[in-house]
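Trainee: Got a structure for you, input_12.cif, holding mmCIF, C-alpha atoms.
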```
data_entry
#
loop_
_atom_site.label_atom_id
_atom_site.label_comp_id
_atom_site.auth_asym_id
_atom_site.auth_seq_id
_atom_site.Cartn_x
_atom_site.Cartn_y
_atom_site.Cartn_z
CA MET A 1 9.31 -94.67 -9.55
CA ASP A 2 11.04 -91.47 -8.36
CA LEU A 3 11.48 -91.21 -4.64
CA PRO A 4 10.17 -88.02 -2.98
CA SER A 5 12.80 -85.38 -2.34
CA ARG A 6 13.79 -84.27 1.14
CA SER A 7 11.80 -81.06 0.63
CA GLN A 8 8.67 -83.00 -0.35
CA ILE A 9 8.96 -85.22 2.73
CA ILE A 10 9.25 -82.19 4.99
CA LEU A 11 6.31 -80.42 3.34
CA SER A 12 4.14 -83.52 3.75
CA LYS A 13 4.87 -83.49 7.49
CA MET A 14 3.82 -79.85 7.72
CA ASN A 15 0.52 -80.39 5.95
CA GLU A 16 -0.73 -81.94 9.19
CA PHE A 17 -0.87 -78.44 10.69
CA TYR A 18 -2.25 -76.62 7.64
CA ARG A 19 -5.80 -76.30 9.00
CA ILE A 20 -4.98 -75.20 12.55
CA ASN A 21 -6.96 -72.13 13.59
CA LEU A 22 -8.17 -70.16 16.60
CA LEU A 23 -10.88 -72.71 17.35
CA ASP A 24 -8.33 -75.41 18.11
CA SER A 25 -7.43 -76.15 21.73
CA ASP A 26 -4.41 -74.54 23.35
CA ASP A 27 -2.76 -77.95 23.67
CA ARG A 28 -3.19 -78.60 19.94
CA ILE A 29 -1.73 -75.20 19.06
CA LYS A 30 1.23 -75.63 21.43
CA PHE A 31 1.90 -79.11 20.03
CA ALA A 32 1.83 -77.78 16.47
CA LEU A 33 4.21 -74.92 17.20
CA HIS A 34 6.58 -77.24 19.07
CA GLU A 35 6.61 -79.75 16.21
CA LEU A 36 7.11 -77.13 13.51
CA ILE A 37 10.08 -75.55 15.30
CA HIS A 38 11.46 -79.04 15.96
CA GLN A 39 11.32 -79.71 12.20
CA TRP A 40 12.73 -76.35 11.18
CA SER A 41 16.35 -77.48 11.23
CA GLU A 42 15.31 -79.94 8.50
CA VAL A 43 13.67 -77.12 6.56
CA LEU A 44 16.85 -75.06 6.65
CA ALA A 45 19.02 -78.07 5.75
CA ALA A 46 16.74 -79.01 2.83
CA ALA A 47 17.30 -75.59 1.25
CA ASN A 48 20.88 -76.54 0.33
CA ASP A 49 19.84 -79.06 -2.32
CA ALA A 50 16.33 -77.84 -3.16
CA SER A 51 15.23 -76.86 -6.65
CA ASP A 52 13.85 -73.37 -7.22
CA ASP A 53 10.27 -74.73 -7.06
CA GLU A 54 11.00 -76.64 -3.85
CA LEU A 55 12.67 -73.58 -2.36
CA PHE A 56 9.54 -71.58 -3.17
CA ASN A 57 7.32 -74.20 -1.49
CA LEU A 58 9.58 -74.36 1.55
CA ASN A 59 9.36 -70.60 1.81
CA VAL A 60 5.56 -70.75 1.63
CA SER A 61 5.65 -73.22 4.53
CA ARG A 62 7.16 -70.41 6.58
CA GLY A 63 3.65 -69.00 6.55
CA PHE A 64 2.44 -72.06 8.49
CA LEU A 65 4.90 -71.35 11.27
CA ALA A 66 4.13 -67.62 11.32
CA GLN A 67 0.38 -68.31 11.43
CA ILE A 68 0.53 -70.84 14.26
CA PHE A 69 2.95 -68.63 16.20
CA GLY A 70 0.49 -65.75 15.83
CA ILE A 71 -2.36 -67.92 17.12
CA ALA A 72 -0.25 -69.02 20.12
CA LEU A 73 0.41 -65.37 20.97
CA PHE A 74 -3.23 -64.41 20.57
CA LYS A 75 -4.36 -67.21 22.89
CA ASP A 76 -1.73 -66.33 25.53
CA CYS A 77 -0.08 -69.75 25.27
CA PHE A 78 3.29 -68.27 26.28
CA ALA A 79 1.92 -66.23 29.17
CA ASN A 80 -0.03 -69.18 30.58
CA ASP A 81 2.52 -72.01 30.29
CA HIS A 82 6.03 -71.31 31.53
CA SER A 83 7.38 -74.78 30.68
CA PHE A 84 6.16 -74.40 27.09
CA THR A 85 7.72 -70.94 26.87
CA ARG A 86 11.08 -72.20 28.14
CA GLU A 87 11.08 -75.08 25.67
CA ILE A 88 10.21 -72.90 22.66
CA SER A 89 12.85 -70.36 23.69
CA ARG A 90 15.47 -73.08 24.09
CA MET A 91 14.65 -74.64 20.70
CA CYS A 92 14.79 -71.27 18.94
CA LEU A 93 18.13 -70.39 20.55
CA ASP A 94 19.53 -73.78 19.50
CA LEU A 95 18.37 -73.16 15.92
CA LEU A 96 20.01 -69.75 15.87
CA VAL A 97 23.26 -71.11 17.34
CA ASN A 98 23.34 -73.90 14.74
CA HIS A 99 23.08 -71.27 11.98
CA ILE A 100 25.31 -68.65 13.56
CA ASP A 101 27.29 -68.34 10.31
CA ILE A 102 24.34 -66.52 8.73
CA PHE A 103 25.39 -63.42 10.66
CA THR A 104 28.76 -63.35 8.86
CA ASN A 105 27.68 -64.66 5.44
CA LYS A 106 27.91 -61.90 2.82
CA ASN A 107 26.69 -63.97 -0.14
CA SER A 108 23.41 -62.94 -1.76
CA THR A 109 22.20 -66.17 -3.34
CA SER A 110 18.60 -67.37 -3.39
CA ILE A 111 19.50 -69.93 -0.69
CA THR A 112 21.05 -67.24 1.54
CA ILE A 113 18.00 -65.01 1.11
CA PHE A 114 15.80 -67.99 2.03
CA LEU A 115 17.89 -68.74 5.13
CA ILE A 116 17.87 -65.10 6.26
CA SER A 117 14.08 -64.82 5.99
CA ASN A 118 13.68 -68.01 8.03
CA ILE A 119 16.26 -67.04 10.64
CA ARG A 120 14.50 -63.68 10.96
CA LEU A 121 11.23 -65.52 11.72
CA ILE A 122 12.94 -67.78 14.29
CA MET A 123 14.42 -64.65 15.89
CA GLU A 124 10.92 -63.16 16.07
CA VAL A 125 9.51 -66.30 17.71
CA SER A 126 12.46 -66.38 20.10
CA SER A 127 12.08 -62.67 20.85
CA HIS A 128 8.40 -62.92 21.72
CA SER A 129 8.74 -66.12 23.73
CA SER A 130 11.69 -64.62 25.64
CA SER A 131 9.49 -61.73 26.74
CA PHE A 132 7.56 -64.23 28.87
CA LEU A 133 10.61 -65.81 30.49
CA TRP A 134 11.19 -65.50 34.22
CA TYR A 135 14.31 -64.05 35.81
CA THR A 136 15.42 -67.55 36.76
CA ASP A 137 15.52 -68.48 33.06
CA ILE A 138 18.93 -66.89 32.61
CA ASP A 139 20.22 -70.49 32.65
CA LEU A 140 18.99 -70.83 29.05
CA PHE A 141 21.91 -68.68 27.95
CA ASN A 142 24.99 -70.91 27.91
CA GLU A 143 28.39 -70.24 26.34
CA ASN A 144 27.12 -71.05 22.85
CA ASN A 145 24.31 -68.54 23.27
CA CYS A 146 26.86 -65.93 24.39
CA GLN A 147 28.72 -66.52 21.13
CA LEU A 148 25.41 -66.04 19.32
CA LEU A 149 24.88 -62.68 21.02
CA ILE A 150 28.42 -61.65 20.06
CA ALA A 151 27.83 -62.66 16.42
CA MET A 152 24.60 -60.64 16.37
CA ARG A 153 26.33 -57.59 17.86
CA GLU A 154 29.23 -57.79 15.41
CA HIS A 155 26.80 -58.09 12.50
CA VAL A 156 25.09 -54.84 13.50
CA ASP A 157 28.49 -53.18 14.14
CA LYS A 158 29.52 -53.84 10.54
CA ASP A 159 26.20 -53.33 8.76
CA PHE A 160 25.36 -50.00 7.14
CA THR A 161 22.82 -51.35 4.63
CA HIS A 162 19.76 -51.48 6.94
CA ASP A 163 19.40 -55.22 6.23
CA ASN A 164 16.67 -57.49 7.58
CA LEU A 165 18.98 -59.31 9.96
CA THR A 166 19.96 -56.04 11.66
CA ASP A 167 16.29 -55.14 12.11
CA GLY A 168 15.63 -58.57 13.61
CA ILE A 169 18.65 -58.36 15.91
CA ILE A 170 17.62 -54.95 17.27
CA SER A 171 14.11 -56.27 18.02
CA PHE A 172 15.59 -59.37 19.65
CA ILE A 173 17.98 -57.39 21.89
CA TRP A 174 15.22 -54.93 22.79
CA THR A 175 13.11 -57.81 24.10
CA ILE A 176 15.98 -59.57 25.87
CA SER A 177 17.06 -56.37 27.62
CA ASP A 178 13.53 -55.82 28.92
CA ASN A 179 14.20 -58.75 31.25
CA THR A 180 16.55 -56.95 33.63
CA SER A 181 18.30 -60.08 34.85
CA PHE A 182 19.67 -60.56 31.31
CA VAL A 183 21.37 -57.14 31.32
CA PRO A 184 24.67 -58.36 32.91
CA LEU A 185 24.89 -60.95 30.12
CA LEU A 186 24.52 -58.26 27.44
CA LEU A 187 27.12 -56.12 29.19
CA LYS A 188 29.49 -59.10 29.40
CA VAL A 189 29.42 -59.62 25.61
CA GLY A 190 30.06 -55.97 24.75
CA TYR A 191 26.66 -54.43 24.11
CA ALA A 192 27.26 -51.24 26.13
CA GLU A 193 30.04 -49.95 23.88
CA SER A 194 28.32 -51.08 20.69
CA LEU A 195 24.94 -49.62 21.69
CA LEU A 196 26.45 -46.18 22.26
CA GLU A 197 28.18 -46.34 18.86
CA TRP A 198 24.87 -47.34 17.25
CA ILE A 199 23.14 -44.39 18.93
CA LYS A 200 25.84 -42.00 17.66
CA THR A 201 25.41 -43.23 14.08
CA CYS A 202 21.69 -44.05 14.17
CA ARG A 203 20.73 -41.52 11.45
CA THR A 204 22.92 -43.24 8.86
CA LYS A 205 23.05 -46.78 10.22
CA PHE A 206 19.39 -47.63 10.88
CA ARG A 207 15.99 -47.19 9.36
CA GLU A 208 13.98 -44.46 11.04
CA ASP A 209 11.61 -46.90 12.76
CA LYS A 210 14.58 -48.56 14.52
CA GLU A 211 16.27 -45.39 15.81
CA ASN A 212 13.96 -45.12 18.82
CA ALA A 213 14.49 -48.79 19.66
CA LEU A 214 18.11 -48.03 20.56
CA ILE A 215 17.01 -45.56 23.24
CA PHE A 216 14.54 -48.09 24.65
CA ILE A 217 17.34 -50.69 24.83
CA LEU A 218 19.54 -48.17 26.65
CA GLN A 219 16.70 -47.41 29.07
CA ASN A 220 16.27 -51.13 29.77
CA MET A 221 19.98 -51.64 30.39
CA VAL A 222 20.36 -48.75 32.86
CA ARG A 223 17.58 -50.16 35.04
CA HIS A 224 20.27 -52.53 36.36
CA ASP A 225 23.01 -51.27 38.70
CA ASP A 226 25.67 -52.92 36.53
CA GLY A 227 24.27 -51.06 33.53
CA ILE A 228 24.30 -47.75 35.41
CA GLU A 229 27.92 -48.30 36.41
CA GLN A 230 29.14 -49.26 32.94
CA PHE A 231 27.20 -46.61 31.01
CA ASN A 232 28.32 -43.89 33.42
CA HIS A 233 31.90 -45.06 32.88
CA LEU A 234 31.29 -44.57 29.13
CA HIS A 235 30.02 -40.99 29.70
CA THR A 236 26.57 -41.79 28.37
CA LEU A 237 24.91 -38.61 29.65
CA LYS A 238 27.30 -36.50 27.54
CA ILE A 239 26.69 -38.69 24.50
CA ILE A 240 22.90 -38.47 24.58
CA GLU A 241 23.09 -34.69 25.03
CA GLN A 242 25.17 -34.35 21.87
CA ILE A 243 23.09 -36.39 19.44
CA GLN A 244 20.00 -35.43 17.49
CA ILE A 245 17.08 -37.34 18.96
CA ASN A 246 13.47 -37.63 17.90
CA LEU A 247 11.31 -35.46 20.16
CA ASN A 248 8.89 -38.39 20.55
CA ILE A 249 11.36 -40.04 22.93
CA SER A 250 12.25 -36.98 25.03
CA LEU A 251 10.43 -38.58 27.99
CA GLU A 252 12.53 -41.74 27.70
CA LEU A 253 15.69 -39.64 27.63
CA SER A 254 14.57 -37.88 30.81
CA MET A 255 14.06 -41.29 32.43
CA ILE A 256 17.55 -42.37 31.36
CA ARG A 257 19.01 -39.23 32.94
CA VAL A 258 17.26 -40.02 36.22
CA LEU A 259 18.49 -43.62 36.22
CA LEU A 260 22.08 -42.59 35.49
CA THR A 261 22.13 -39.87 38.15
CA ASP A 262 23.29 -40.56 41.72
CA ILE A 263 20.42 -40.38 44.25
CA ASN A 264 22.15 -37.51 46.04
CA GLN A 265 22.25 -35.47 42.83
CA ILE A 266 18.66 -35.98 41.63
CA LYS A 267 17.19 -32.65 40.49
CA LEU A 268 13.81 -31.53 39.19
CA GLU A 269 13.97 -31.47 35.39
CA SER A 270 10.47 -30.07 34.84
CA ILE A 271 6.91 -30.31 36.17
CA GLU A 272 5.90 -31.45 32.69
CA PHE A 273 8.15 -34.50 33.00
CA LEU A 274 6.59 -35.41 36.37
CA ASN A 275 3.08 -35.01 34.95
CA LYS A 276 3.89 -37.28 32.01
CA LEU A 277 5.51 -39.91 34.24
CA ILE A 278 2.52 -40.03 36.60
CA GLN A 279 0.13 -40.28 33.65
CA LEU A 280 2.10 -43.23 32.25
CA ILE A 281 1.91 -44.95 35.65
CA ILE A 282 -1.87 -44.37 35.74
CA ASN A 283 -2.25 -45.75 32.19
CA ALA A 284 -0.18 -48.84 33.02
CA ALA A 285 -2.12 -49.39 36.27
CA LYS A 286 -5.39 -49.49 34.32
CA ASP A 287 -4.16 -52.02 31.75
CA LYS A 288 -4.91 -55.70 32.34
CA GLU A 289 -1.21 -56.53 31.77
CA TYR A 290 -0.12 -53.46 33.78
CA ARG A 291 1.71 -52.09 30.76
CA HIS A 292 1.64 -48.91 28.69
CA ASP A 293 3.43 -48.70 25.33
CA GLY A 294 5.34 -51.86 26.27
CA SER A 295 6.54 -50.56 29.65
CA HIS A 296 5.43 -52.48 32.74
CA VAL A 297 4.25 -50.32 35.64
CA CYS A 298 7.30 -51.44 37.66
CA GLU A 299 9.63 -49.88 35.08
CA LEU A 300 7.90 -46.53 35.56
CA LEU A 301 7.77 -46.89 39.35
CA THR A 302 11.52 -47.52 39.33
CA ILE A 303 12.00 -43.98 37.99
CA LEU A 304 9.54 -42.55 40.50
CA THR A 305 11.17 -44.33 43.45
CA LYS A 306 14.53 -42.81 42.59
CA LEU A 307 12.96 -39.35 42.22
CA PHE A 308 11.49 -39.70 45.73
CA PHE A 309 15.00 -39.44 47.18
CA ASN A 310 14.65 -35.72 46.43
CA ASP A 311 12.27 -34.23 49.02
CA GLU A 312 11.29 -31.31 46.80
CA ILE A 313 10.23 -33.65 44.00
CA LEU A 314 8.40 -35.90 46.48
CA HIS A 315 6.31 -32.97 47.78
CA ILE A 316 5.57 -31.72 44.25
CA ILE A 317 4.34 -35.13 43.15
CA LEU A 318 2.22 -35.71 46.25
CA CYS A 319 0.80 -32.18 46.52
CA LYS A 320 0.84 -30.51 43.13
CA ILE A 321 0.37 -33.22 40.52
CA GLU A 322 -3.36 -33.56 39.90
CA ILE A 323 -5.06 -36.76 38.80
CA LYS A 324 -8.74 -37.53 38.48
CA SER A 325 -10.83 -39.18 41.21
CA LEU A 326 -8.03 -40.09 43.67
CA SER A 327 -4.77 -38.77 45.11
CA ILE A 328 -1.30 -40.01 44.16
CA ILE A 329 -0.96 -41.75 47.53
CA GLU A 330 -4.34 -43.43 47.02
CA LEU A 331 -3.11 -44.66 43.63
CA PHE A 332 -0.04 -46.22 45.29
CA ILE A 333 -2.21 -47.78 48.00
CA SER A 334 -4.61 -49.29 45.47
CA LEU A 335 -1.71 -50.83 43.52
CA LEU A 336 -0.11 -52.37 46.61
CA ILE A 337 -3.46 -53.77 47.77
CA LYS A 338 -3.85 -55.31 44.31
CA PHE A 339 -0.37 -56.87 44.08
CA TYR A 340 0.62 -57.81 47.63
CA PRO A 341 -1.82 -60.74 48.17
CA ASN A 342 -0.20 -62.57 45.23
CA LEU A 343 3.36 -62.05 46.44
CA SER A 344 5.22 -65.36 46.23
CA SER A 345 8.24 -66.98 44.64
CA ASN A 346 5.92 -68.49 42.00
CA ASN A 347 4.29 -65.18 41.11
CA ASP A 348 5.16 -62.98 38.14
CA PRO A 349 8.55 -61.43 39.07
CA LEU A 350 7.43 -58.07 37.65
CA GLU A 351 4.48 -58.00 40.03
CA ASN A 352 6.73 -59.00 42.93
CA PHE A 353 9.12 -56.19 42.05
CA THR A 354 6.18 -53.77 41.84
CA CYS A 355 5.53 -54.57 45.51
CA VAL A 356 9.18 -53.89 46.33
CA LEU A 357 8.96 -50.50 44.61
CA LEU A 358 5.67 -49.48 46.21
CA MET A 359 6.93 -50.37 49.68
CA ASN A 360 10.06 -48.31 48.98
CA ILE A 361 7.87 -45.40 47.88
CA PHE A 362 5.94 -45.56 51.17
CA TRP A 363 9.27 -45.79 52.99
CA ARG A 364 10.41 -42.52 51.40
CA ILE A 365 7.03 -40.90 52.17
CA SER A 366 7.24 -42.04 55.82
CA TYR A 367 10.04 -39.54 56.49
CA HIS A 368 7.45 -36.77 56.19
CA GLN A 369 4.96 -36.57 59.06
CA GLU A 370 2.47 -34.48 57.03
CA TYR A 371 1.48 -37.66 55.19
CA TYR A 372 1.05 -39.73 58.36
CA GLN A 373 -2.74 -39.50 58.37
CA MET A 374 -3.19 -40.54 54.73
CA ILE A 375 -1.15 -43.69 55.28
CA CYS A 376 -1.97 -44.70 58.85
CA ASP A 377 -5.72 -44.15 58.45
CA ASN A 378 -5.87 -46.78 55.70
CA GLU A 379 -6.44 -50.07 57.52
CA GLN A 380 -5.72 -52.28 54.50
CA LEU A 381 -2.42 -50.56 53.83
CA MET A 382 -1.31 -50.70 57.47
CA SER A 383 -2.27 -54.36 57.64
CA ILE A 384 -0.04 -55.06 54.61
CA ILE A 385 2.86 -53.05 56.06
CA LYS A 386 2.65 -54.86 59.42
CA ASN A 387 2.39 -58.22 57.67
CA ALA A 388 5.45 -57.41 55.52
CA ALA A 389 7.44 -56.27 58.56
CA ASN A 390 6.89 -59.65 60.21
CA ASN A 391 7.37 -61.73 57.08
CA GLU A 392 10.87 -63.15 56.79
CA LYS A 393 10.35 -64.17 53.17
CA ASN A 394 12.50 -61.82 51.15
CA PHE A 395 11.22 -61.49 47.59
CA VAL A 396 14.06 -59.40 46.24
CA ASP A 397 15.04 -59.77 42.62
CA THR A 398 18.77 -59.95 41.96
CA PHE A 399 18.59 -56.79 39.84
CA MET A 400 16.98 -54.68 42.58
CA PRO A 401 18.86 -51.35 42.80
CA ARG A 402 21.23 -51.16 45.74
CA THR A 403 19.58 -47.92 46.90
CA MET A 404 16.35 -49.78 47.66
CA LYS A 405 15.31 -51.88 50.61
CA SER A 406 13.63 -55.26 50.63
CA ILE A 407 9.89 -55.35 51.29
CA GLN A 408 10.46 -56.38 54.91
CA GLN A 409 13.20 -53.79 55.52
CA ALA A 410 11.09 -51.00 54.01
CA ALA A 411 8.02 -52.03 56.04
CA ILE A 412 10.02 -52.03 59.30
CA GLU A 413 11.37 -48.55 58.50
CA ILE A 414 7.88 -47.22 57.73
CA LEU A 415 6.55 -48.40 61.09
CA LYS A 416 9.61 -47.01 62.85
CA ASN A 417 9.26 -43.59 61.20
CA PHE A 418 5.56 -43.41 62.06
CA ASN A 419 6.12 -44.78 65.58
CA VAL A 420 3.74 -47.66 64.94
CA LYS A 421 4.28 -51.04 66.61
CA ASN A 422 4.34 -54.06 64.34
#
```
Will you turn the file into structure tokens for me?
Mentor:
Amino acid sequence: MDLPSRSQIILSKMNEFYRINLLDSDDRIKFALHELIHQWSEVLAAANDASDDELFNLNVSRGFLAQIFGIALFKDCFANDHSFTREISRMCLDLLVNHIDIFTNKNSTSITIFLISNIRLIMEVSSHSSSFLWYTDIDLFNENNCQLLIAMREHVDKDFTHDNLTDGIISFIWTISDNTSFVPLLLKVGYAESLLEWIKTCRTKFREDKENALIFILQNMVRHDDGIEQFNHLHTLKIIEQIQINLNISLELSMIRVLLTDINQIKLESIEFLNKLIQLIINAAKDKEYRHDGSHVCELLTILTKLFFNDEILHIILCKIEIKSLSIIELFISLLIKFYPNLSSNNDPLENFTCVLLMNIFWRISYHQEYYQMICDNEQLMSIIKNAANNEKNFVDTFMPRTMKSIQQAAIEILKNFNVKN
């Protein structure tokens, strides 16, 4: 009797998860996804000696993984279980490292095509799971992972065929760069220089739907002081002024200009830009995840905080920008009241950083006595400011811009400027 092939053995293991659906428990779904990714190295290895029929069946099994991954996302399994998210991210990174040669392989055999489609899926799982990592999870990226990032970058550098791997890499880097604590890592392995070259050649190098992604990656990377320093050294402002850019991302380009400009040189670009920025903040504040078009409210408040170093812009935003039902200051107060009670080292770092930004915004406002009444008459806000001024816990993320103060420092300065005892 013929013994079952390696491919048949693997497929029989996967059949256990064939019927998983949305009605299954979160634990069952997480177990299934963990087991499938754990087995995926066997799937990729089996391709080397699989027949065409077995290769087809193995490729169909990719649908199992994609389906269960989709269910895990839908049920917020990554958002609700940090340990699970770390483990899935680690396993995916290990898989990618173990198949790093795929980024240099130029062969176009059926096996290579199979491997690329599977690596692309693993990159997608890794990309999405990484978006839920905390800032302390930088430890997941060891020296091998740095070599992986270099191999990915060099693949995109050399590719002018718009291949699937390049698309997957751009999506992966976009997600990684959204976690600001990972930006120094990307800078270390050469992404600043490469990104600017990609932007210069985006019309010929990338599919149209990926051109905008490059600008979003740049915006993510200049949210970190190290990114600002390196991209300014590379004359990024001149580069983005010289290239043809889709008008749909003109707002993002304006944000990049603000981030790359020294606080003492901030100038008003246009009232229209300020109106759009405030509207984005309002939209993000209303969302249950505090996001709008992928941007967390703290990303938008980072731009606003820097703009507030210009007194003219500060007065325009507070006095001339109109929003429905409440004033701009009332919007800031409502956000701080919402986020501050949850401030802790175990809280979402983005929400913690939102508190840092809001307190810095109130610090900038406190230099102007005409807004004294609006701030000091709000008992909840003043209670938070006094509490923060006396709280020695310093929830400052490592990527916090050097121009900003910690929550406690900002609170102390607010009380000092308004002559209020803490």
Trainee: Ranking A:Asn220, A:Gln373, A:Asn21, A:Thr302 by minimum distance to A:Ile173 and counting all atoms listed in the file, which one comes first?
Mentor: A:Asn220
Trainee: Record the distance separating atom CA of A:Thr354 and atom CA of A:Leu307, expressed in Å with one decimal.
Mentor: 15.9 Å
Trainee: Give me the residues near A:Leu277 as a VMD selection string, where near means some atom within 9 Å (using only C-alpha atoms) and where sequence neighbours in that chain fewer than 5 positions away do not count.
Mentor: chain A and resid 251 255 272 282 300 to 301 303 to 304
Trainee: How far is it from atom CA of A:Asn48 to atom CA of A:Ile100, in Å with one decimal?
Mentor: 16.0 Å
Trainee: List, as a PyMOL selection string, every residue that the PyMOL selection byres ((chain A and resi 216) around 12) selects in the file provided.
Mentor: chain A and resi 170-171+173-178+195+199+210-215+217-223+248-256+293-295+299
Trainee: Would you mind reading off the distance between atom CA of A:Thr161 and atom CA of A:Lys205, one decimal, in Å?
Mentor: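 That distance, rounded to one decimal, is 7.2 Å.
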Trainee: For A:Leu140, please output as an mmCIF file with C-alpha atoms, in the frame of the given file all residues within 9 Å (counting all atoms listed in the file; exclusion window: fewer than 6 positions along the same chain).
Mentor:
```cif
data_model
loop_
_atom_site.group_PDB
_atom_site.id
_atom_site.type_symbol
_atom_site.label_atom_id
_atom_site.label_comp_id
_atom_site.auth_asym_id
_atom_site.auth_seq_id
_atom_site.Cartn_x
_atom_site.Cartn_y
_atom_site.Cartn_z
ATOM 1 C CA ARG A 86 11.080 -72.200 28.140
ATOM 2 C CA SER A 89 12.850 -70.360 23.690
ATOM 3 C CA ARG A 90 15.470 -73.080 24.090
ATOM 4 C CA LEU A 93 18.130 -70.390 20.550
#
```
Trainee: Go through A:Ile29, A:Leu336, A:Ile329, A:Ile407 one by one, measure the shortest atom-to-atom distance of each to A:Glu16 using only C-alpha atoms, and give the residue with the smallest value.
Mentor: A:Ile29
Trainee: Please evaluate the PyMOL selection byres ((chain A and resi 11) around 12) against the structure above and give the resulting residues as number ranges by chain.
Mentor: A: 4-10, 12-18, 36, 39-40, 42-43, 46, 54-62, 64
Trainee: Create the file for the chosen residues now, containing C-alpha atoms and written as a PDB file, keeping the file's coordinate frame.
Mentor:
```pdb
ATOM      1  CA  PRO A   4      10.170 -88.020  -2.980  1.00  0.00           C
ATOM      2  CA  SER A   5      12.800 -85.380  -2.340  1.00  0.00           C
ATOM      3  CA  ARG A   6      13.790 -84.270   1.140  1.00  0.00           C
ATOM      4  CA  SER A   7      11.800 -81.060   0.630  1.00  0.00           C
ATOM      5  CA  GLN A   8       8.670 -83.000  -0.350  1.00  0.00           C
ATOM      6  CA  ILE A   9       8.960 -85.220   2.730  1.00  0.00           C
ATOM      7  CA  ILE A  10       9.250 -82.190   4.990  1.00  0.00           C
ATOM      8  CA  SER A  12       4.140 -83.520   3.750  1.00  0.00           C
ATOM      9  CA  LYS A  13       4.870 -83.490   7.490  1.00  0.00           C
ATOM     10  CA  MET A  14       3.820 -79.850   7.720  1.00  0.00           C
ATOM     11  CA  ASN A  15       0.520 -80.390   5.950  1.00  0.00           C
ATOM     12  CA  GLU A  16      -0.730 -81.940   9.190  1.00  0.00           C
ATOM     13  CA  PHE A  17      -0.870 -78.440  10.690  1.00  0.00           C
ATOM     14  CA  TYR A  18      -2.250 -76.620   7.640  1.00  0.00           C
ATOM     15  CA  LEU A  36       7.110 -77.130  13.510  1.00  0.00           C
ATOM     16  CA  GLN A  39      11.320 -79.710  12.200  1.00  0.00           C
ATOM     17  CA  TRP A  40      12.730 -76.350  11.180  1.00  0.00           C
ATOM     18  CA  GLU A  42      15.310 -79.940   8.500  1.00  0.00           C
ATOM     19  CA  VAL A  43      13.670 -77.120   6.560  1.00  0.00           C
ATOM     20  CA  ALA A  46      16.740 -79.010   2.830  1.00  0.00           C
ATOM     21  CA  GLU A  54      11.000 -76.640  -3.850  1.00  0.00           C
ATOM     22  CA  LEU A  55      12.670 -73.580  -2.360  1.00  0.00           C
ATOM     23  CA  PHE A  56       9.540 -71.580  -3.170  1.00  0.00           C
ATOM     24  CA  ASN A  57       7.320 -74.200  -1.490  1.00  0.00           C
ATOM     25  CA  LEU A  58       9.580 -74.360   1.550  1.00  0.00           C
ATOM     26  CA  ASN A  59       9.360 -70.600   1.810  1.00  0.00           C
ATOM     27  CA  VAL A  60       5.560 -70.750   1.630  1.00  0.00           C
ATOM     28  CA  SER A  61       5.650 -73.220   4.530  1.00  0.00           C
ATOM     29  CA  ARG A  62       7.160 -70.410   6.580  1.00  0.00           C
ATOM     30  CA  PHE A  64       2.440 -72.060   8.490  1.00  0.00           C
TER      31      PHE A  64
END
```
Trainee: Dump stretch 206-215 of chain A with N, CA and C atoms to a file, as a PDB file, in the first residue's frame.
Mentor:
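This went into out_38.pdb:
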```
ATOM      1  N   PHE A 206       5.907  51.926  -9.416  1.00  0.00           N
ATOM      2  CA  PHE A 206       4.833  51.320  -8.633  1.00  0.00           C
ATOM      3  C   PHE A 206       3.494  51.432  -9.348  1.00  0.00           C
ATOM      4  N   ARG A 207       2.605  50.524  -8.979  1.00  0.00           N
ATOM      5  CA  ARG A 207       1.231  50.649  -9.446  1.00  0.00           C
ATOM      6  C   ARG A 207       0.611  51.878  -8.806  1.00  0.00           C
ATOM      7  N   GLU A 208      -0.378  52.441  -9.472  1.00  0.00           N
ATOM      8  CA  GLU A 208      -0.955  53.704  -9.024  1.00  0.00           C
ATOM      9  C   GLU A 208      -1.470  53.634  -7.600  1.00  0.00           C
ATOM     10  N   ASP A 209      -2.058  52.477  -7.214  1.00  0.00           N
ATOM     11  CA  ASP A 209      -2.641  52.375  -5.872  1.00  0.00           C
ATOM     12  C   ASP A 209      -1.582  52.325  -4.767  1.00  0.00           C
ATOM     13  N   LYS A 210      -0.313  52.154  -5.139  1.00  0.00           N
ATOM     14  CA  LYS A 210       0.764  52.107  -4.144  1.00  0.00           C
ATOM     15  C   LYS A 210       1.538  53.427  -4.047  1.00  0.00           C
ATOM     16  N   GLU A 211       1.324  54.335  -5.009  1.00  0.00           N
ATOM     17  CA  GLU A 211       2.074  55.591  -5.001  1.00  0.00           C
ATOM     18  C   GLU A 211       1.803  56.387  -3.725  1.00  0.00           C
ATOM     19  N   ASN A 212       0.522  56.470  -3.352  1.00  0.00           N
ATOM     20  CA  ASN A 212       0.169  57.237  -2.148  1.00  0.00           C
ATOM     21  C   ASN A 212       0.749  56.625  -0.888  1.00  0.00           C
ATOM     22  N   ALA A 213       0.884  55.297  -0.887  1.00  0.00           N
ATOM     23  CA  ALA A 213       1.405  54.612   0.302  1.00  0.00           C
ATOM     24  C   ALA A 213       2.790  55.132   0.678  1.00  0.00           C
ATOM     25  N   LEU A 214       3.588  55.497  -0.314  1.00  0.00           N
ATOM     26  CA  LEU A 214       4.937  55.982  -0.048  1.00  0.00           C
ATOM     27  C   LEU A 214       4.899  57.278   0.761  1.00  0.00           C
ATOM     28  N   ILE A 215       3.943  58.143   0.446  1.00  0.00           N
ATOM     29  CA  ILE A 215       3.808  59.409   1.174  1.00  0.00           C
ATOM     30  C   ILE A 215       3.345  59.149   2.603  1.00  0.00           C
TER      31      ILE A 215
END
```
